[in-house]
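Working notes for the structure below.
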Amino acid sequence: MPRRRSIALGLLLALLAGLGVAWQFGLIGGATPAGDTQRAAGADPVVPPSYVGSAACRDCHVDEYQRWQASQHAVAIQVAGEQTVLGDFSGVEFRHRGVTSVFFRRDGKFMVRTDGPDGELADFEVRHTFGVHPLQQYLVELDGGRVQALGIAWDARPKDQGGQRWFHLYPNERLAHTDELHWTQRQQNWNFMCSDCHSTGVQKNFDAAAGTYATRWQEISVGCEACHGPGSNHVEVARAAAAGGREPASGGLTVVFDERRGAAWVIDPVTGNAARTTPRTTSTELDVCAQCHARRGQFSDDYRPGEPFTDHYLPALLVEGLYHADGQQLDEVFNWGSFLSSRMHEKGVTCGDCHDPHGGKLHAPGNAVCAQCHSAARYDAPAHHFHAQGSTGAACASCHMKTETYMVVDPRHDHSFRIPRPDRTASLGVPNACNGCHADRTAGWAATEIRKRYPAPKPGFHGFAEAFAAADRGDRSANMALAQVAANLDESAIARASAIERLARLPGESALFAADAGLDDPSPLVRRAAVGVFGQLPPPQRKAVVPLLSDPSRIVRMQAARMLAPLGDEAFDADGLEAFRNAAAEYVAAERFNADRPEHRTNLGGFLAERGDAVAAEAEFRAALQLDPRFVPAWANLADLMRLLGRETETESLLREGLAVAPEAAALHHALGLSLVRQQRRDEALRELRRATELDPSSERFRYVYDVARDELAK
């Protein structure tokens with residue numbers, strides 16, 4: 001089920017904003033993009049690879065092609081037609097929160113009559129289907145090349161499982177046409193939110209000046225080249241080999257998946273667990289899967305499989321709102337981040353060890369897939385799981401891969417592969433697998449039962465839970481515990497990065513010591529998080545991050561440019577200035593790629609303001625408000641820019657404009673209060689500052705400023 005708006009929207013925006021300055025407060029095929037230059041094996045001269053389509057792979061890779069055709073990747077998006085539309089379009093009505101929608105046919109087209117962008121009922125043509133199981137959504141084209149996903153979906157499950165019905169993705173909410181979650185609004189925009197993962201070779205093509213999209217793809221579905229890269233060179237190499245009477249060649253690919261080649265998993269008869277015969281030293285396969293199976297922000301559509309994932313995407317860390325404090329999935333995080341936090345990842349497991357990469361299915365059913373590496377005699381037995389054989393409780397995934405249901409009907413397994421910890425449910429409030437089934441019992445009961453069976457239960461791989469929980473509830477004593485997590489190389493890189501990210505919000509020596517050490521970490525996630533901590537320091541004291549302007553990872557270089565933006569050119573030597581300019585250009589390009597989003601226009605405005613370009617900054621803030629007049633951070637940042645320029649009257653006016661469209665925005669009330677203080681309008685100022693604390697009682701800053709102002713103005 002979609003999460004509450006405060007989580008689903010807030011965390012999405014927070015992830016996207018991670019690219020930028022921290023807030024102060026038509027679906028058709030198209031031309032082949034240039035791609036990266038690639039030398040095919042046996043080919044000369046160097047030629048850029050182009051897309052050839054999955055059908056070109058069929059003759060040489062018959063088995064793989066057939067398995068792919070039966071996968072959900074092959075039908076991730078389809079043209080609406082008799083064989084692709086699963087929903088009932090026979091004139092059936094669906095009522096939700098005062099709106100009656102009708103699904104019907106007209107002239108052979110699939111139509112829906114529902115509330116449109118203006119809130120009025122209108123007829124819309126469904127042009128494409130979106131997914132197949134356990135639900136299918138439908139895409140509608142609106143003006144300006146915008147493609148939107150309907151909020152009413154078809155439950156594709158069998159009828160005896162509750163399926164074969166229309167249902168709303170937000171069943172408990174009445175979504176007005178102005179709501180961000182309404183199907184016509186930006187949170188349901190296919191061009192930005194969905195296209196990159198549901199088709200192959202997507203180019204978003206947003207025209208910022210016109211405010212329109214011309215989004216194109218190379219293949220409508222997730223085809224072979226989505227994972228293997230543009231295949232023209234490979235096809236030419238294979239054809240040349242066949243013409244010469246040689247075995248088909250494997251050269252010319254943009255990426256070669258060889259991490260599991262020659263490696264095997266051998267079970268230790270003593271422990272019952274397997275070890276890999278040769279260590280995994282690269283992450284090629286994981287990075288390719290991550291492009292779609294990670295919660296991430298995209299800042300380039302030039303990605304080709306085999307390139308560094310973090311040169312095109314910014315992954316989410318184990319942050320509050322997306323994950324529970326112990327790293328269990330909370331919001332829809334798509335597996336990659338969870339898996340990176342697991343012992344399985346630490347031991348060298350890849351996606352392909354469990355899943356057939358072409359068909360998407362497990363290599364073996366049920367517990368048998370786990371028995372590839374974990375002795376069935378030891379683990380698939382009542383002596384281990386204490387449940388009847390064949391029961392739900394005896395399934396490995398039931399205990400170690402707890403599910404969370406998204407989009408109302410879609411349960412997904414947590415890929416952090418954890419030991420159940422009901423004791424943490426009692427102490428931290430996180431969920432556990434035991435009480436997922438034994439819902440009529442308490443977490444204390446479950447913890448006691450585990451101790452009966454395992455007097456010395458293993459703590460599991462996720463040792464950061466207590467530190468993260470303390471930080472997330474605002475406990476400043478968490479600094480030292482977070483620093484210890486950050487320094488513990490036995491923790492996963494994503495956990496260490498997540499600890500440092502929390503330290504960035506908790507000023508102190510512990511944070512800076514951890515960040516200084518993290519600048520040299522092998523993981524770009526850790527290095528980027530470490531760079532962010534230096535934002536606690538005055539700009540002249542951030543010189544330690546200058547070397548990171550030339551980091552191998554783009555997300556690190558851009559973060560370093562953010563931190564150093566307030567410095568003038570004279571603060572750098574010649575090499576440093578060149579590195580800064582290059583990194584800053586990458587940062588600006590990343591934000592402009594997402595110029596269809598108000599958060600990115602706001603981010604860019606903040607960056608330009610720090611670089612001293614007030615005119616360009618103001619233009620970006622106003623562009624953000626043109627995209628969405630309700631976007632509070634743009635109002636706050638634009639007003640603050642006016643303050644810095646000494647235009648206090650405009651500051652007040654802008655804040656009042658913002659409050660007219662977002663009257664519950666605590667940040668705007670707080671900023672207005674400060675503006676009124678500067679204008680010596682004391683009574684009005686106190687009212688606004690107090691209102692900010694009422695709207696956001698969790699903000700220590702709002703409370704502190706209000707208390708100080710009240711004391712000072714009372715003198």
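Every chain in the structure tokens takes a letter, A first, then B, and so on in the order presented; its residues are numbered from 1, and the ligands are numbered from 1 following the presented order.
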
Which residues of range 346-449 of chain A come within 8 Å of range 69-83 of chain A, and for each one, what is the closest pair of atoms and their distance in Å to one decimal, counting only C-alpha atoms, sorted by chain and residue number, as a tab-separated table?
```
residue	atom	partner	partner_atom	distance
A:His358	CA	A:Ser71	CA	7.4
A:Gly359	CA	A:Ser71	CA	5.0
A:Gly360	CA	A:Ser71	CA	6.1
```

Go ahead and save the picked residues with C-alpha atoms, as a short mmCIF file (atom, residue, chain, number, x, y, z; two decimals), in the first residue's frame.
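part_4.cif, freshly written:
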```
data_model
loop_
_atom_site.label_atom_id
_atom_site.label_comp_id
_atom_site.auth_asym_id
_atom_site.auth_seq_id
_atom_site.Cartn_x
_atom_site.Cartn_y
_atom_site.Cartn_z
CA HIS A 358 16.75 -13.69 -18.07
CA GLY A 359 13.51 -15.12 -16.74
CA GLY A 360 13.54 -13.40 -13.36
#
```

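With only C-alpha atoms as the atoms that count, the residue of A:Leu641, A:Ala368, A:Ala153, A:Ala529 with the shortest distance to Met563 in chain A is A:Ala529.
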
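Minimum atom-to-atom distance to Trp217 in chain A, evaluated using only C-alpha atoms, belongs to A:Cys197 out of A:Val62, A:Leu676, A:Val349, A:Cys197.
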
One residue among A:His438, A:Arg421, A:Lys347, A:His413 is nearest to His462 in chain A when using only C-alpha atoms, and that residue is A:Arg421

Can you pull out every residue within 10 Å of Val99 in chain A, counting only C-alpha atoms, but drop anything in the same chain fewer than 5 positions away, and send it as a list in words?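 These residues fall inside the cut-off: Phe94, Thr114, Asp115, Gly119, Glu120, Leu121, Arg174, Leu175 and Ala176 of chain A.
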
Can I get the selection written as a PDB file, in the first residue's frame, with N, CA, C and O atoms?
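again20.pdb, freshly written:
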```pdb
ATOM      1  N   PHE A  94     -16.348   2.544 -11.229  1.00  0.00           N
ATOM      2  CA  PHE A  94     -15.568   2.403  -9.994  1.00  0.00           C
ATOM      3  C   PHE A  94     -15.726   3.695  -9.204  1.00  0.00           C
ATOM      4  O   PHE A  94     -15.433   4.786  -9.706  1.00  0.00           O
ATOM      5  N   THR A 114     -12.911   9.970 -15.953  1.00  0.00           N
ATOM      6  CA  THR A 114     -12.537  10.217 -14.563  1.00  0.00           C
ATOM      7  C   THR A 114     -12.200  11.686 -14.383  1.00  0.00           C
ATOM      8  O   THR A 114     -12.237  12.462 -15.349  1.00  0.00           O
ATOM      9  N   ASP A 115     -11.894  12.088 -13.150  1.00  0.00           N
ATOM     10  CA  ASP A 115     -11.585  13.495 -12.903  1.00  0.00           C
ATOM     11  C   ASP A 115     -10.205  13.823 -13.453  1.00  0.00           C
ATOM     12  O   ASP A 115      -9.223  13.152 -13.168  1.00  0.00           O
ATOM     13  N   GLY A 119     -10.109  18.789 -12.329  1.00  0.00           N
ATOM     14  CA  GLY A 119     -11.056  18.241 -11.364  1.00  0.00           C
ATOM     15  C   GLY A 119     -12.383  17.840 -11.960  1.00  0.00           C
ATOM     16  O   GLY A 119     -13.225  17.260 -11.268  1.00  0.00           O
ATOM     17  N   GLU A 120     -12.582  18.146 -13.237  1.00  0.00           N
ATOM     18  CA  GLU A 120     -13.851  17.815 -13.897  1.00  0.00           C
ATOM     19  C   GLU A 120     -13.752  16.451 -14.571  1.00  0.00           C
ATOM     20  O   GLU A 120     -12.681  16.041 -15.034  1.00  0.00           O
ATOM     21  N   LEU A 121     -14.892  15.766 -14.652  1.00  0.00           N
ATOM     22  CA  LEU A 121     -14.922  14.474 -15.338  1.00  0.00           C
ATOM     23  C   LEU A 121     -14.697  14.675 -16.830  1.00  0.00           C
ATOM     24  O   LEU A 121     -15.250  15.592 -17.451  1.00  0.00           O
ATOM     25  N   ARG A 174      -8.836  10.928  -0.160  1.00  0.00           N
ATOM     26  CA  ARG A 174      -9.596  11.630  -1.201  1.00  0.00           C
ATOM     27  C   ARG A 174      -8.624  12.600  -1.850  1.00  0.00           C
ATOM     28  O   ARG A 174      -8.209  13.585  -1.245  1.00  0.00           O
ATOM     29  N   LEU A 175      -8.221  12.304  -3.070  1.00  0.00           N
ATOM     30  CA  LEU A 175      -7.201  13.096  -3.740  1.00  0.00           C
ATOM     31  C   LEU A 175      -7.851  14.102  -4.686  1.00  0.00           C
ATOM     32  O   LEU A 175      -8.358  13.730  -5.751  1.00  0.00           O
ATOM     33  N   ALA A 176      -7.830  15.346  -4.296  1.00  0.00           N
ATOM     34  CA  ALA A 176      -8.318  16.398  -5.183  1.00  0.00           C
ATOM     35  C   ALA A 176      -7.358  16.535  -6.360  1.00  0.00           C
ATOM     36  O   ALA A 176      -6.206  16.092  -6.305  1.00  0.00           O
TER      37      ALA A 176
END
```

Which residues come within 9 Å of Glu591 in chain A, counting only C-alpha atoms, excluding same-chain residues fewer than 4 positions away, as a list in words? Leu19, Gly20, Phe299, Glu586, Tyr587, Ala595, His600, Arg601, Asn603 and Leu604 of chain A

Per-residue DSSP, range 540-604 of chain A, filtered to helix (DSSP H, G or I), as number ranges by chain: A: 540-541, 543-550, 554-564, 569-571, 574-593, 598-604

Please list as a list in words every residue within 8 Å of Ala294 in chain A, counting only C-alpha atoms and excluding residues in the same chain fewer than 2 positions away.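 In the requested form, the answer reads Cys289, Ala290, Gln291, Cys292, Arg296, Pro315, Ala316, Val333, Phe334, Asn335, Trp336 and Gly337 of chain A.
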
Closest-contact table, range 224-334 of chain A side, partner range 479-492 of chain A, 12 Å, counting only C-alpha atoms, as a tab-separated table:
```
residue	atom	partner	partner_atom	distance
A:Leu317	CA	A:Ser492	CA	11.5
A:Leu318	CA	A:Ser492	CA	11.1
A:Gly327	CA	A:Ser492	CA	11.2
```

Quick one: pick out all strand (DSSP E or B) residues within range 229-345 of chain A from a backbone DSSP run and write them as a PyMOL selection string. chain A and resi 265-267+273-276+296-298+313-315+320+323+329
